[in-house]
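A short worksheet on the structure shown next.
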Amino acid sequence: MGKKLETVLEQIFKAEGYLTQKKQKISSTSGYYHEIDILAVKDNDRIAVECKNYLSPVGVEKIRDFSEKVRDLGTPWRGVFASYTAFTPDALECAKERHIELLSQDDIGPDGAEAEADRHAHERLRDVL
């Protein structure tokens, strides 16, 4: 399901005019390389997207780790964390504090409902973009 989530989100970014690349290792301001699930670039807007499909809610440590990657990429990068599962309260708070946009199943659509997922995700991504 993680690969399917990546594919759905990549198609939506492309429909919004973004150039995308999947599973890219990108150098950061610290000199480290970070693997990003989807890179989406349009004009000066650069978005790093993390896609996860866990069995339990996404915890604060995953958001914290991803936000550190995004911070290390430097400006003008921003982050979007997408998951078919929910987020813990601490993860929600961490994302808010660190300006990471979150997409959950409510935003993307139910598992396996690709057309519905595409429509829901497209609407939610327009809010994010």
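Ligands are numbered from 1 in the order shown, residues from 1 within each chain, and chains are lettered A, B, ... in the order they appear in the structure tokens.
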Practice task
Would you list the contacts of segment 11-18 of chain A as a ChimeraX atom specification, taking every protein, DNA or RNA residue within 6 Å and counting only C-alpha atoms, but skipping same-chain residues closer than 3 positions in sequence?
Solution key: /A:8,40-42,122
Can you write just those residues out, N, CA, C and O atoms, as a PDB file, in the first residue's frame?
ATOM      1  N   VAL A   8      -0.210   7.515  -6.086  1.00  0.00           N
ATOM      2  CA  VAL A   8      -1.373   8.412  -6.074  1.00  0.00           C
ATOM      3  C   VAL A   8      -0.922   9.847  -5.829  1.00  0.00           C
ATOM      4  O   VAL A   8      -1.315  10.776  -6.555  1.00  0.00           O
ATOM      5  N   ALA A  40       8.775  17.124  -5.124  1.00  0.00           N
ATOM      6  CA  ALA A  40       7.861  17.846  -6.014  1.00  0.00           C
ATOM      7  C   ALA A  40       8.332  19.286  -6.106  1.00  0.00           C
ATOM      8  O   ALA A  40       8.487  19.963  -5.080  1.00  0.00           O
ATOM      9  N   VAL A  41       8.574  19.752  -7.344  1.00  0.00           N
ATOM     10  CA  VAL A  41       9.111  21.097  -7.552  1.00  0.00           C
ATOM     11  C   VAL A  41       8.289  21.809  -8.613  1.00  0.00           C
ATOM     12  O   VAL A  41       8.025  21.262  -9.687  1.00  0.00           O
ATOM     13  N   LYS A  42       7.897  23.030  -8.286  1.00  0.00           N
ATOM     14  CA  LYS A  42       7.204  23.895  -9.240  1.00  0.00           C
ATOM     15  C   LYS A  42       7.643  25.314  -8.945  1.00  0.00           C
ATOM     16  O   LYS A  42       7.406  25.825  -7.843  1.00  0.00           O
ATOM     17  N   HIS A 122      -6.477  14.858  -4.013  1.00  0.00           N
ATOM     18  CA  HIS A 122      -6.333  16.036  -4.864  1.00  0.00           C
ATOM     19  C   HIS A 122      -6.940  17.266  -4.184  1.00  0.00           C
ATOM     20  O   HIS A 122      -6.333  18.338  -4.155  1.00  0.00           O
TER      21      HIS A 122
END
Practice task
Check the DSSP output for the backbone and give back, as number ranges by chain, the residues of chain A in strand (DSSP E).
Solution key: A: 19-27, 33-42, 45-52, 77-83, 100-103
Could you take the residues named above and write them with N, CA, C and O atoms, as a short mmCIF file (atom, residue, chain, number, x, y, z; two decimals), in the first residue's frame?
data_model
loop_
_atom_site.label_atom_id
_atom_site.label_comp_id
_atom_site.auth_asym_id
_atom_site.auth_seq_id
_atom_site.Cartn_x
_atom_site.Cartn_y
_atom_site.Cartn_z
N LEU A 19 6.95 19.09 -11.12
CA LEU A 19 7.87 18.06 -11.61
C LEU A 19 8.17 17.17 -10.42
O LEU A 19 8.45 17.68 -9.32
N THR A 20 8.11 15.87 -10.59
CA THR A 20 8.29 14.96 -9.47
C THR A 20 9.38 13.94 -9.74
O THR A 20 9.66 13.60 -10.90
N GLN A 21 9.96 13.46 -8.65
CA GLN A 21 10.90 12.35 -8.68
C GLN A 21 10.62 11.51 -7.45
O GLN A 21 10.39 12.05 -6.36
N LYS A 22 10.67 10.19 -7.62
CA LYS A 22 10.43 9.28 -6.49
C LYS A 22 11.75 8.67 -6.03
O LYS A 22 12.66 8.45 -6.83
N LYS A 23 11.80 8.40 -4.73
CA LYS A 23 12.93 7.70 -4.10
C LYS A 23 14.28 8.32 -4.49
O LYS A 23 15.16 7.66 -5.01
N GLN A 24 14.39 9.60 -4.20
CA GLN A 24 15.62 10.31 -4.53
C GLN A 24 16.47 10.54 -3.29
O GLN A 24 15.95 10.81 -2.21
N LYS A 25 17.78 10.41 -3.47
CA LYS A 25 18.73 10.79 -2.42
C LYS A 25 19.21 12.19 -2.77
O LYS A 25 19.71 12.42 -3.87
N ILE A 26 19.01 13.10 -1.84
CA ILE A 26 19.32 14.49 -2.10
C ILE A 26 20.29 14.99 -1.02
O ILE A 26 20.14 14.67 0.16
N SER A 27 21.28 15.77 -1.45
CA SER A 27 22.25 16.28 -0.48
C SER A 27 21.63 17.43 0.31
O SER A 27 20.75 18.13 -0.16
N TYR A 33 23.21 12.88 2.83
CA TYR A 33 22.22 12.59 1.81
C TYR A 33 20.99 12.00 2.49
O TYR A 33 21.11 11.14 3.36
N HIS A 34 19.83 12.50 2.11
CA HIS A 34 18.57 12.01 2.66
C HIS A 34 17.73 11.41 1.54
O HIS A 34 17.60 12.03 0.48
N GLU A 35 17.16 10.23 1.78
CA GLU A 35 16.25 9.66 0.80
C GLU A 35 14.85 10.21 1.06
O GLU A 35 14.34 10.16 2.17
N ILE A 36 14.26 10.74 0.00
CA ILE A 36 12.93 11.33 0.08
C ILE A 36 12.02 10.51 -0.85
O ILE A 36 12.39 10.22 -1.98
N ASP A 37 10.83 10.17 -0.36
CA ASP A 37 9.90 9.35 -1.16
C ASP A 37 9.49 10.06 -2.44
O ASP A 37 9.51 9.47 -3.51
N ILE A 38 9.08 11.32 -2.32
CA ILE A 38 8.69 12.10 -3.51
C ILE A 38 9.25 13.51 -3.36
O ILE A 38 9.06 14.15 -2.33
N LEU A 39 9.92 13.97 -4.40
CA LEU A 39 10.31 15.37 -4.50
C LEU A 39 9.37 16.01 -5.50
O LEU A 39 9.17 15.49 -6.60
N ALA A 40 8.78 17.12 -5.12
CA ALA A 40 7.86 17.85 -6.01
C ALA A 40 8.33 19.29 -6.11
O ALA A 40 8.49 19.96 -5.08
N VAL A 41 8.57 19.75 -7.34
CA VAL A 41 9.11 21.10 -7.55
C VAL A 41 8.29 21.81 -8.61
O VAL A 41 8.02 21.26 -9.69
N LYS A 42 7.90 23.03 -8.29
CA LYS A 42 7.20 23.89 -9.24
C LYS A 42 7.64 25.31 -8.94
O LYS A 42 7.41 25.83 -7.84
N ASP A 45 8.71 26.56 -5.41
CA ASP A 45 8.09 25.72 -4.40
C ASP A 45 8.71 24.33 -4.46
O ASP A 45 8.61 23.65 -5.47
N ARG A 46 9.35 23.92 -3.37
CA ARG A 46 10.01 22.62 -3.29
C ARG A 46 9.44 21.86 -2.10
O ARG A 46 9.51 22.32 -0.97
N ILE A 47 8.89 20.68 -2.40
CA ILE A 47 8.22 19.89 -1.37
C ILE A 47 8.85 18.51 -1.28
O ILE A 47 9.00 17.82 -2.29
N ALA A 48 9.21 18.13 -0.06
CA ALA A 48 9.67 16.77 0.24
C ALA A 48 8.48 16.03 0.83
O ALA A 48 7.87 16.50 1.80
N VAL A 49 8.14 14.87 0.26
CA VAL A 49 6.97 14.11 0.70
C VAL A 49 7.43 12.76 1.25
O VAL A 49 8.17 12.03 0.58
N GLU A 50 6.98 12.45 2.46
CA GLU A 50 7.24 11.16 3.09
C GLU A 50 5.92 10.38 3.08
O GLU A 50 4.89 10.90 3.52
N CYS A 51 5.93 9.14 2.57
CA CYS A 51 4.73 8.31 2.48
C CYS A 51 4.93 7.06 3.34
O CYS A 51 5.90 6.33 3.14
N LYS A 52 4.00 6.81 4.27
CA LYS A 52 4.10 5.65 5.14
C LYS A 52 2.77 4.93 5.23
O LYS A 52 1.72 5.56 5.21
N TRP A 77 12.79 24.35 1.01
CA TRP A 77 12.09 23.07 1.14
C TRP A 77 11.04 23.12 2.24
O TRP A 77 11.25 23.71 3.29
N ARG A 78 9.91 22.44 1.98
CA ARG A 78 8.90 22.22 3.01
C ARG A 78 8.49 20.76 2.95
O ARG A 78 8.76 20.07 1.98
N GLY A 79 7.84 20.28 4.03
CA GLY A 79 7.55 18.87 4.13
C GLY A 79 6.08 18.53 4.21
O GLY A 79 5.30 19.26 4.82
N VAL A 80 5.73 17.39 3.59
CA VAL A 80 4.39 16.81 3.67
C VAL A 80 4.58 15.35 4.06
O VAL A 80 5.32 14.62 3.41
N PHE A 81 3.92 14.92 5.14
CA PHE A 81 3.98 13.54 5.62
C PHE A 81 2.62 12.92 5.38
O PHE A 81 1.62 13.39 5.91
N ALA A 82 2.57 11.87 4.56
CA ALA A 82 1.31 11.23 4.19
C ALA A 82 1.28 9.80 4.72
O ALA A 82 2.26 9.07 4.62
N SER A 83 0.13 9.42 5.28
CA SER A 83 -0.04 8.08 5.82
C SER A 83 -1.50 7.66 5.72
O SER A 83 -2.40 8.48 5.92
N ILE A 100 5.13 20.91 9.41
CA ILE A 100 5.02 19.75 8.52
C ILE A 100 3.54 19.53 8.25
O ILE A 100 2.75 19.38 9.19
N GLU A 101 3.16 19.54 6.98
CA GLU A 101 1.77 19.27 6.61
C GLU A 101 1.52 17.77 6.71
O GLU A 101 2.36 16.96 6.30
N LEU A 102 0.35 17.39 7.24
CA LEU A 102 0.01 15.98 7.39
C LEU A 102 -1.17 15.63 6.49
O LEU A 102 -2.14 16.39 6.41
N LEU A 103 -1.08 14.47 5.86
CA LEU A 103 -2.19 13.91 5.10
C LEU A 103 -2.47 12.53 5.66
O LEU A 103 -1.58 11.68 5.71
#
Dump as a Markdown table the rows for residues of segment 79-109 of chain A within 8 Å of segment 59-74 of chain A: closest atom pair and distance in Å with one decimal, only C-alpha atoms counted, ordered by chain and rising residue number.
| residue | atom | partner | partner_atom | distance |
| --- | --- | --- | --- | --- |
| A:Gly79 | CA | A:Val70 | CA | 6.1 |
| A:Phe81 | CA | A:Ile63 | CA | 7.6 |
| A:Phe87 | CA | A:Gly59 | CA | 6.3 |
| A:Thr88 | CA | A:Gly59 | CA | 5.5 |
| A:Asp90 | CA | A:Val60 | CA | 5.5 |
| A:Ala91 | CA | A:Val60 | CA | 3.9 |
| A:Leu92 | CA | A:Val60 | CA | 7.7 |
| A:Cys94 | CA | A:Val60 | CA | 6.5 |
| A:Ala95 | CA | A:Ile63 | CA | 6.3 |
| A:Arg98 | CA | A:Ser67 | CA | 6.6 |
| A:Ile100 | CA | A:Ser67 | CA | 6.8 |
Generate the output file for the selected residues, C-alpha atoms, as a CSV table (one decimal), in the first residue's frame.
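selection_29.csv was written with the following content:
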chain,number,residue,atom,x,y,z
A,79,GLY,CA,7.6,18.9,4.1
A,81,PHE,CA,4.0,13.5,5.6
A,87,PHE,CA,-1.3,10.3,13.8
A,88,THR,CA,-0.8,10.2,17.5
A,90,ASP,CA,2.1,14.1,20.0
A,91,ALA,CA,2.8,13.6,16.3
A,92,LEU,CA,0.1,16.1,15.4
A,94,CYS,CA,5.1,18.1,16.6
A,95,ALA,CA,4.1,18.5,13.0
A,98,ARG,CA,7.7,22.2,12.9
A,100,ILE,CA,5.0,19.8,8.5
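For the pair atom CA of Thr85 of chain A and atom CA of Leu9 of chain A, the separation is 15.3 Å.
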Handout entry: All alpha helix (DSSP H) positions in segment 21-126 of chain A, as an NGL selection string
Key = :A and (60-73 or 89-97 or 105-108 or 114-126)
Problem - For Ala86 of chain A: contacts at 7 Å, only C-alpha atoms, fewer than 2 positions along chain excluded, given as a ChimeraX atom specification - result: /A:57-58,84,88,104
